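Peer 1: File name input.tsv; file contents TSV, C-alpha atoms; full text below.
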```
chain	number	residue	atom	x	y	z
A	1	MET	CA	-8.73	-26.05	-8.14
A	2	HIS	CA	-10.38	-22.85	-6.94
A	3	THR	CA	-10.21	-19.87	-9.29
A	4	GLY	CA	-9.22	-16.40	-8.17
A	5	ILE	CA	-8.68	-12.83	-9.35
A	6	ILE	CA	-6.18	-10.38	-7.86
A	7	VAL	CA	-6.80	-6.64	-8.10
A	8	ASP	CA	-4.21	-4.13	-6.91
A	9	ASP	CA	-2.88	-0.99	-8.58
A	10	ALA	CA	0.72	-1.94	-7.64
A	11	MET	CA	2.31	-4.31	-10.15
A	12	VAL	CA	4.75	-5.59	-7.53
A	13	MET	CA	1.86	-6.53	-5.24
A	14	ARG	CA	-0.02	-8.32	-8.04
A	15	MET	CA	3.14	-10.34	-8.74
A	16	ARG	CA	3.65	-11.15	-5.09
A	17	LEU	CA	0.05	-12.19	-4.43
A	18	SER	CA	0.01	-14.30	-7.61
A	19	GLU	CA	3.09	-16.13	-6.40
A	20	ILE	CA	1.77	-16.61	-2.85
A	21	LEU	CA	-1.47	-17.99	-4.28
A	22	LYS	CA	0.07	-20.13	-7.01
A	23	ASP	CA	-1.63	-23.25	-5.66
A	24	PHE	CA	-4.88	-21.62	-6.74
A	25	ASP	CA	-5.89	-20.95	-10.33
A	26	ILE	CA	-5.35	-17.18	-10.66
A	27	ILE	CA	-7.23	-16.53	-13.86
A	28	ALA	CA	-6.81	-12.75	-14.09
A	29	THR	CA	-5.36	-9.67	-12.44
A	30	GLY	CA	-6.60	-6.09	-12.53
A	31	GLU	CA	-5.37	-2.62	-11.60
A	32	ASN	CA	-8.47	-0.77	-10.38
A	33	GLY	CA	-12.00	-1.12	-9.09
A	34	ALA	CA	-13.64	-0.87	-12.50
A	35	GLU	CA	-11.49	-3.74	-13.77
A	36	ALA	CA	-12.34	-5.73	-10.63
A	37	ILE	CA	-16.03	-5.52	-11.46
A	38	SER	CA	-15.66	-6.35	-15.15
A	39	LEU	CA	-13.24	-9.23	-14.48
A	40	TYR	CA	-15.53	-10.62	-11.78
A	41	GLU	CA	-18.54	-10.49	-14.10
A	42	MET	CA	-16.57	-12.08	-16.91
A	43	TYR	CA	-14.99	-14.95	-14.98
A	44	LYS	CA	-17.19	-15.42	-11.86
A	45	PRO	CA	-14.15	-16.63	-9.87
A	46	ASP	CA	-14.33	-18.55	-6.60
A	47	PHE	CA	-12.62	-15.60	-4.85
A	48	ILE	CA	-11.22	-12.15	-5.49
A	49	THR	CA	-8.68	-10.06	-3.58
A	50	LEU	CA	-9.13	-6.28	-3.67
A	51	ASP	CA	-6.90	-3.39	-2.71
A	52	ILE	CA	-8.81	-0.29	-1.51
A	53	SER	CA	-6.82	2.74	-2.71
A	54	MET	CA	-6.93	2.41	-6.47
A	55	PRO	CA	-7.58	4.80	-9.37
A	56	GLU	CA	-10.92	5.04	-11.20
A	57	GLN	CA	-13.07	3.06	-8.76
A	58	ASN	CA	-11.73	2.18	-5.33
A	59	GLY	CA	-11.87	-1.26	-3.77
A	60	LEU	CA	-14.77	-0.52	-1.43
A	61	GLU	CA	-16.94	0.63	-4.34
A	62	ALA	CA	-16.01	-2.50	-6.27
A	63	LEU	CA	-16.72	-4.65	-3.20
A	64	GLU	CA	-20.16	-3.10	-2.77
A	65	HIS	CA	-21.02	-3.63	-6.44
A	66	ILE	CA	-19.80	-7.24	-6.53
A	67	VAL	CA	-21.52	-8.33	-3.31
A	68	LYS	CA	-24.76	-6.59	-4.27
A	69	ASN	CA	-24.88	-8.44	-7.59
A	70	TYR	CA	-23.28	-11.70	-6.43
A	71	PRO	CA	-24.23	-12.21	-2.76
A	72	ASP	CA	-22.14	-15.39	-2.50
A	73	ALA	CA	-18.98	-13.65	-3.70
A	74	LYS	CA	-15.88	-14.36	-1.63
A	75	VAL	CA	-14.01	-11.05	-1.43
A	76	VAL	CA	-10.84	-10.53	0.61
A	77	ILE	CA	-9.50	-6.99	1.05
A	78	VAL	CA	-5.70	-6.59	1.01
A	79	SER	CA	-4.91	-2.97	1.79
A	80	ALA	CA	-2.64	-0.56	3.67
A	81	ALA	CA	-5.72	1.43	4.70
A	82	GLY	CA	-6.24	-0.56	7.89
A	83	GLN	CA	-7.99	2.06	10.01
A	84	LYS	CA	-10.59	0.41	12.25
A	85	GLN	CA	-13.48	2.27	10.66
A	86	ILE	CA	-12.40	1.26	7.14
A	87	VAL	CA	-12.00	-2.39	8.19
A	88	PHE	CA	-15.46	-2.24	9.78
A	89	ASP	CA	-16.96	-0.66	6.64
A	90	ALA	CA	-15.41	-3.35	4.42
A	91	LEU	CA	-16.65	-6.23	6.57
A	92	GLU	CA	-20.09	-4.66	6.78
A	93	LEU	CA	-20.17	-4.37	2.98
A	94	GLY	CA	-19.55	-8.11	2.78
A	95	ALA	CA	-15.79	-8.70	2.68
A	96	LYS	CA	-14.88	-12.10	4.13
A	97	ASP	CA	-11.53	-10.93	5.51
A	98	PHE	CA	-9.34	-7.83	5.68
A	99	ILE	CA	-5.56	-8.19	5.42
A	100	VAL	CA	-3.51	-5.12	6.32
A	101	LYS	CA	-0.32	-4.42	4.36
A	102	PRO	CA	2.47	-5.13	5.12
A	103	PHE	CA	1.49	-8.76	5.64
A	104	GLU	CA	3.10	-12.14	6.21
A	105	ASN	CA	2.71	-14.41	3.17
A	106	ASP	CA	1.13	-17.06	5.36
A	107	ARG	CA	-1.60	-14.65	6.48
A	108	VAL	CA	-2.82	-14.38	2.88
A	109	LEU	CA	-2.64	-18.08	2.20
A	110	LYS	CA	-4.58	-18.97	5.35
A	111	ALA	CA	-7.24	-16.35	4.62
A	112	ILE	CA	-7.91	-17.80	1.18
A	113	HIS	CA	-7.90	-21.42	2.38
A	114	ARG	CA	-10.36	-20.44	5.12
A	115	LEU	CA	-12.84	-19.30	2.47
A	116	PHE	CA	-13.24	-22.89	1.35
A	117	ALA	CA	-12.95	-24.69	4.67
B	1	MET	CA	1.80	17.85	18.16
B	2	LYS	CA	4.64	18.24	15.68
B	3	ALA	CA	6.87	15.86	17.63
B	4	GLU	CA	3.99	13.38	17.92
B	5	LEU	CA	3.44	13.50	14.16
B	6	ALA	CA	7.11	12.94	13.42
B	7	ASN	CA	7.24	10.04	15.86
B	8	ILE	CA	4.21	8.38	14.26
B	9	PHE	CA	5.81	8.52	10.81
B	10	ILE	CA	9.16	7.30	12.12
B	11	ARG	CA	7.49	4.38	13.89
B	12	SER	CA	5.43	3.53	10.80
B	13	ALA	CA	8.44	3.65	8.46
B	14	VAL	CA	10.49	1.47	10.82
B	15	GLU	CA	7.64	-1.07	11.04
B	16	VAL	CA	7.09	-1.23	7.28
B	17	PHE	CA	10.79	-1.54	6.44
B	18	ARG	CA	11.23	-4.31	9.00
B	19	LYS	CA	8.14	-6.30	7.99
B	20	GLU	CA	8.19	-5.76	4.23
B	21	LEU	CA	11.89	-5.43	3.41
B	22	ASP	CA	13.54	-7.00	6.45
B	23	ILE	CA	15.89	-4.05	6.96
B	24	SER	CA	16.41	-1.54	9.77
B	25	LEU	CA	15.83	2.20	9.64
B	26	ILE	CA	17.53	4.60	12.04
B	27	ARG	CA	16.49	8.20	12.64
B	28	LYS	CA	19.18	10.57	11.40
B	29	ASP	CA	17.86	14.14	11.21
B	30	LEU	CA	14.70	16.15	11.76
B	31	VAL	CA	14.55	19.66	10.31
B	32	ARG	CA	11.85	22.24	9.68
B	33	LYS	CA	11.43	23.63	6.17
B	34	ASP	CA	8.93	25.87	4.40
B	35	THR	CA	8.20	23.54	1.48
B	36	THR	CA	7.65	19.84	0.86
B	37	LEU	CA	10.18	19.96	-2.00
B	38	PRO	CA	12.30	16.83	-1.62
B	39	SER	CA	16.09	16.63	-1.79
B	40	LYS	CA	16.40	13.27	-3.56
B	41	PRO	CA	15.68	12.57	-7.25
B	42	THR	CA	12.72	10.19	-6.84
B	43	ALA	CA	9.70	11.44	-4.92
B	44	ILE	CA	6.44	9.77	-3.97
B	45	ILE	CA	3.61	12.17	-3.13
B	46	ILE	CA	0.59	11.11	-1.09
B	47	GLY	CA	-2.23	13.49	-0.15
B	48	LEU	CA	-4.20	13.19	3.07
B	49	THR	CA	-7.75	14.37	3.71
B	50	GLY	CA	-10.23	13.85	6.53
B	51	CYS	CA	-9.16	14.53	10.10
B	52	PHE	CA	-5.74	15.53	8.81
B	53	ARG	CA	-5.13	17.20	5.49
B	54	GLY	CA	-2.01	17.98	3.54
B	55	GLN	CA	0.80	16.20	1.77
B	56	ILE	CA	3.46	13.62	2.58
B	57	VAL	CA	6.44	13.50	0.23
B	58	TYR	CA	8.86	10.57	0.44
B	59	SER	CA	12.14	10.86	-1.41
B	60	ILE	CA	14.98	8.49	-2.20
B	61	ASP	CA	17.70	8.09	-4.78
B	62	GLY	CA	17.64	5.64	-7.70
B	63	VAL	CA	19.76	2.93	-6.07
B	64	PHE	CA	17.50	2.96	-3.01
B	65	ALA	CA	14.45	2.58	-5.28
B	66	GLU	CA	15.99	-0.39	-7.10
B	67	ASN	CA	16.93	-2.04	-3.81
B	68	ILE	CA	13.40	-1.63	-2.47
B	69	THR	CA	12.09	-3.33	-5.61
B	70	LYS	CA	14.52	-6.23	-5.35
B	71	ALA	CA	13.74	-6.67	-1.65
B	72	MET	CA	9.99	-6.71	-2.31
B	73	LEU	CA	10.40	-9.31	-5.03
B	74	SER	CA	12.58	-11.42	-2.75
B	75	GLU	CA	9.55	-11.69	-0.46
B	76	VAL	CA	8.00	-13.95	-3.05
B	77	PRO	CA	7.75	-17.38	-1.40
B	78	ASN	CA	9.92	-20.19	-2.77
B	79	ALA	CA	11.79	-17.69	-4.91
B	80	ASP	CA	14.05	-20.45	-6.20
B	81	LYS	CA	10.98	-22.17	-7.58
B	82	ALA	CA	9.27	-19.01	-8.78
B	83	THR	CA	7.47	-19.10	-12.07
B	84	ASN	CA	9.40	-18.13	-15.18
B	85	SER	CA	7.42	-14.92	-15.59
B	86	ILE	CA	8.40	-13.70	-12.11
B	87	LYS	CA	12.04	-14.56	-12.72
B	88	GLN	CA	12.07	-12.78	-16.07
B	89	VAL	CA	10.46	-9.64	-14.72
B	90	ALA	CA	12.61	-9.65	-11.59
B	91	SER	CA	15.79	-9.94	-13.61
B	92	ALA	CA	14.84	-7.03	-15.81
B	93	ILE	CA	13.65	-4.55	-13.22
B	94	ASN	CA	12.14	-1.70	-15.16
B	95	ALA	CA	10.88	1.77	-14.36
B	96	LYS	CA	7.26	0.70	-14.08
B	97	LEU	CA	8.08	-2.01	-11.58
B	98	ILE	CA	10.28	0.34	-9.54
B	99	ASN	CA	7.55	3.00	-9.45
B	100	SER	CA	5.09	0.34	-8.35
B	101	ALA	CA	7.37	-0.86	-5.53
B	102	VAL	CA	8.28	2.56	-4.13
B	103	SER	CA	4.65	3.71	-4.36
B	104	GLU	CA	3.57	0.65	-2.42
B	105	ILE	CA	6.14	1.19	0.33
B	106	ALA	CA	5.11	4.87	0.66
B	107	ASN	CA	1.48	3.80	0.70
B	108	MET	CA	2.14	1.25	3.46
B	109	ILE	CA	4.03	3.79	5.62
B	110	THR	CA	1.28	6.38	5.20
B	111	GLY	CA	-1.34	3.69	5.81
B	112	GLN	CA	0.34	2.63	9.06
B	113	ALA	CA	0.61	6.26	10.16
B	114	SER	CA	-3.05	6.82	9.34
B	115	ILE	CA	-3.99	3.83	11.52
B	116	HIS	CA	-2.13	5.44	14.46
B	117	LEU	CA	-3.56	8.91	13.75
B	118	ALA	CA	-7.12	7.68	13.20
B	119	GLY	CA	-7.05	6.00	16.61
B	120	SER	CA	-6.83	9.44	18.22
B	121	TYR	CA	-8.41	11.81	15.72
B	122	GLY	CA	-10.85	10.05	13.36
B	123	LYS	CA	-11.00	8.86	9.78
B	124	LEU	CA	-8.36	9.78	7.21
B	125	TYR	CA	-8.30	9.26	3.47
B	126	LEU	CA	-5.16	8.73	1.41
B	127	THR	CA	-4.81	9.69	-2.24
B	128	ASN	CA	-3.14	7.26	-4.60
B	129	PRO	CA	0.65	7.68	-4.56
B	130	MET	CA	2.16	9.72	-7.39
B	131	VAL	CA	5.79	9.14	-8.33
B	132	VAL	CA	7.72	12.06	-9.80
B	133	SER	CA	11.35	12.29	-10.89
B	134	ALA	CA	13.78	15.17	-10.66
B	135	PRO	CA	13.18	16.89	-14.02
B	136	GLU	CA	9.42	17.17	-13.46
B	137	MET	CA	9.49	18.13	-9.79
B	138	SER	CA	8.80	21.86	-9.69
B	139	LEU	CA	4.99	22.03	-9.69
B	140	ASP	CA	3.77	19.36	-7.32
B	141	PHE	CA	4.97	20.58	-3.93
B	142	LEU	CA	3.37	22.78	-1.29
B	143	ALA	CA	4.98	25.94	0.09
B	144	VAL	CA	3.87	25.29	3.67
B	145	PRO	CA	5.58	24.52	6.99
B	146	THR	CA	7.06	21.04	6.71
B	147	ILE	CA	8.79	18.60	9.01
B	148	SER	CA	11.54	16.81	7.11
B	149	LEU	CA	12.78	13.50	8.52
B	150	SER	CA	15.87	11.64	7.35
B	151	LEU	CA	16.03	7.94	8.14
B	152	LEU	CA	19.13	5.89	7.45
B	153	SER	CA	19.13	2.32	6.14
B	154	GLU	CA	21.55	-0.03	4.41
B	155	PHE	CA	19.92	1.08	1.12
B	156	GLY	CA	20.62	4.77	1.79
B	157	ILE	CA	18.57	7.66	3.17
B	158	LEU	CA	14.79	7.82	3.15
B	159	GLU	CA	13.52	11.39	3.44
B	160	ILE	CA	9.95	11.97	4.62
B	161	ASN	CA	8.52	15.48	4.26
B	162	ILE	CA	5.37	15.90	6.34
B	163	ALA	CA	3.09	18.90	5.77
B	164	ILE	CA	-0.24	18.06	7.34
B	165	VAL	CA	-2.56	19.92	9.69
B	166	GLU	CA	-5.56	18.83	11.69
B	167	GLY	CA	-8.74	18.99	9.62
B	168	GLY	CA	-12.49	19.46	10.12
B	169	SER	CA	-14.53	20.14	13.23
B	170	VAL	CA	-16.25	16.73	12.97
B	171	CYS	CA	-13.03	15.04	14.05
B	172	THR	CA	-12.81	13.94	17.64
B	173	GLN	CA	-9.72	14.54	19.69
B	174	GLY	CA	-8.92	11.33	21.56
```
Would you mind giving the structure from this file in structure tokens?
Peer 2:
Amino acid sequence: MHTGIIVDDAMVMRMRLSEILKDFDIIATGENGAEAISLYEMYKPDFITLDISMPEQNGLEALEHIVKNYPDAKVVIVSAAGQKQIVFDALELGAKDFIVKPFENDRVLKAIHRLFA
Amino acid sequence: MKAELANIFIRSAVEVFRKELDISLIRKDLVRKDTTLPSKPTAIIIGLTGCFRGQIVYSIDGVFAENITKAMLSEVPNADKATNSIKQVASAINAKLINSAVSEIANMITGQASIHLAGSYGKLYLTNPMVVSAPEMSLDFLAVPTISLSLLSEFGILEINIAIVEGGSVCTQG
């Protein structure tokens, strides 16, 4: 079973994503970009989902750090900040997919399955 | 411009409520005020910088906030088979969870609006939502011209106070 980490500052969104992805092994959740980096380094999961607007370190900063240090990292952004330029920046930094909130549950599930297809 | 701004926020709120909560929102009132001070006891403040700058203040009452939380949790797939932890938390909806849910809805509406605005004007940045309650409300609001929208739903009234102006010269008018 593939392992994953969910990082979002909203508790309700962490709960929802954990439930959507319950067929995967969600080994940890975090609330900000700094936690995303430390959890990634601790667990080296098969994938990580990142929100962008978060306190301390935002999701794009965490994405940049993770991909720089772990070039094979599978990072999926799940964010309300879906402006074209921000989506472009995230994909250029190495995100595998960008899911704009609000989303259909199936959109998330397919995006994660696609990482391992 | 003011009417365009109001329409963008109305459209964004309607979209988010339909997609995320599966409920309808109907425009009720639009008034001009000289402060973003909200009229309902729970407020969610989001700052905007970049090609627009200022403050958006969403406000709702406590029942509305609880209903938003329940509706967001009901979006969990296979809710009848949900894990015990989800069921336990959902049955004991607490202040932290409610703040999280209303912040997320406000964030999604502002995010949708920023997508529409950025298409014409350039990049925008959103601050993290801050939830404040009635007793602590006095200090966080701007005394600036504000458009105040009231939108009606089955949960009650959502008020959106919009006090933003076009920002820097680097922004392109589309």
Peer 1: Could you jot down the atom CA of B:Ser150 to atom CA of B:Ala101 separation for me, Å, one decimal place?
Peer 2: 19.9 Å
Peer 1: Using all atoms listed in the file, find the residues of chain B whose closest atom to chain A is at most 9 Å away, then write them as a VMD selection string.
Peer 2: chain B and resid 15 to 16 19 to 20 69 72 to 73 75 to 79 82 to 83 86 96 to 101 103 to 105 107 to 112 114 to 119 122 to 128
Peer 1: I'd like the interatomic distance between atom CA of B:Glu154 and atom CA of B:Ser133, to a tenth of an Å.
Peer 2: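 Atom-to-atom, atom CA of B:Glu154 and atom CA of B:Ser133 are spaced 22.1 Å apart.
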Peer 1: Which one of B:Thr42, B:Asn67, B:Asn161, B:Ser120 sits closest to B:Ile10 if you count all atoms listed in the file?
Peer 2: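 Smallest distance to B:Ile10 is found for B:Asn161.
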Peer 1: For a test of reading the model, state the distance in Å between atom CA of A:Phe88 and atom CA of A:Asp25, rounded to one decimal.
Peer 2: 29.1 Å
Peer 1: Between A:Glu92, A:Ile99, A:Leu50, A:Thr3, single out the one closest to A:Ile27, counting only C-alpha atoms.
Peer 2: A:Thr3
Peer 1: Go ahead and find all residues with at least one atom no further than 12 Å from (-20.1, -10.2, -3.3) in the file's coordinates, using all atoms listed in the file; report them as a PDB file with C-alpha atoms, in the coordinates of the input.
Peer 2:
```pdb
ATOM      1  CA  ALA A  36     -12.340  -5.730 -10.630  1.00  0.00           C
ATOM      2  CA  ILE A  37     -16.030  -5.520 -11.460  1.00  0.00           C
ATOM      3  CA  TYR A  40     -15.530 -10.620 -11.780  1.00  0.00           C
ATOM      4  CA  GLU A  41     -18.540 -10.490 -14.100  1.00  0.00           C
ATOM      5  CA  LYS A  44     -17.190 -15.420 -11.860  1.00  0.00           C
ATOM      6  CA  PRO A  45     -14.150 -16.630  -9.870  1.00  0.00           C
ATOM      7  CA  ASP A  46     -14.330 -18.550  -6.600  1.00  0.00           C
ATOM      8  CA  PHE A  47     -12.620 -15.600  -4.850  1.00  0.00           C
ATOM      9  CA  ILE A  48     -11.220 -12.150  -5.490  1.00  0.00           C
ATOM     10  CA  THR A  49      -8.680 -10.060  -3.580  1.00  0.00           C
ATOM     11  CA  LEU A  50      -9.130  -6.280  -3.670  1.00  0.00           C
ATOM     12  CA  LEU A  60     -14.770  -0.520  -1.430  1.00  0.00           C
ATOM     13  CA  GLU A  61     -16.940   0.630  -4.340  1.00  0.00           C
ATOM     14  CA  ALA A  62     -16.010  -2.500  -6.270  1.00  0.00           C
ATOM     15  CA  LEU A  63     -16.720  -4.650  -3.200  1.00  0.00           C
ATOM     16  CA  GLU A  64     -20.160  -3.100  -2.770  1.00  0.00           C
ATOM     17  CA  HIS A  65     -21.020  -3.630  -6.440  1.00  0.00           C
ATOM     18  CA  ILE A  66     -19.800  -7.240  -6.530  1.00  0.00           C
ATOM     19  CA  VAL A  67     -21.520  -8.330  -3.310  1.00  0.00           C
ATOM     20  CA  LYS A  68     -24.760  -6.590  -4.270  1.00  0.00           C
ATOM     21  CA  ASN A  69     -24.880  -8.440  -7.590  1.00  0.00           C
ATOM     22  CA  TYR A  70     -23.280 -11.700  -6.430  1.00  0.00           C
ATOM     23  CA  PRO A  71     -24.230 -12.210  -2.760  1.00  0.00           C
ATOM     24  CA  ASP A  72     -22.140 -15.390  -2.500  1.00  0.00           C
ATOM     25  CA  ALA A  73     -18.980 -13.650  -3.700  1.00  0.00           C
ATOM     26  CA  LYS A  74     -15.880 -14.360  -1.630  1.00  0.00           C
ATOM     27  CA  VAL A  75     -14.010 -11.050  -1.430  1.00  0.00           C
ATOM     28  CA  VAL A  76     -10.840 -10.530   0.610  1.00  0.00           C
ATOM     29  CA  ILE A  77      -9.500  -6.990   1.050  1.00  0.00           C
ATOM     30  CA  ALA A  90     -15.410  -3.350   4.420  1.00  0.00           C
ATOM     31  CA  LEU A  91     -16.650  -6.230   6.570  1.00  0.00           C
ATOM     32  CA  GLU A  92     -20.090  -4.660   6.780  1.00  0.00           C
ATOM     33  CA  LEU A  93     -20.170  -4.370   2.980  1.00  0.00           C
ATOM     34  CA  GLY A  94     -19.550  -8.110   2.780  1.00  0.00           C
ATOM     35  CA  ALA A  95     -15.790  -8.700   2.680  1.00  0.00           C
ATOM     36  CA  LYS A  96     -14.880 -12.100   4.130  1.00  0.00           C
TER      37      LYS A  96
END
```
Peer 1: Return the padded bounding box of stretch 93-97 of chain B as AutoDock Vina command-line options: axis-aligned, built from all atoms listed in the file, 5 Å added on each side, with centre and edge lengths in Å to one decimal.
Peer 2:
```
--center_x 10.5 --center_y -1.4 --center_z -13.4 --size_x 16.4 --size_y 16.3 --size_z 13.6
```
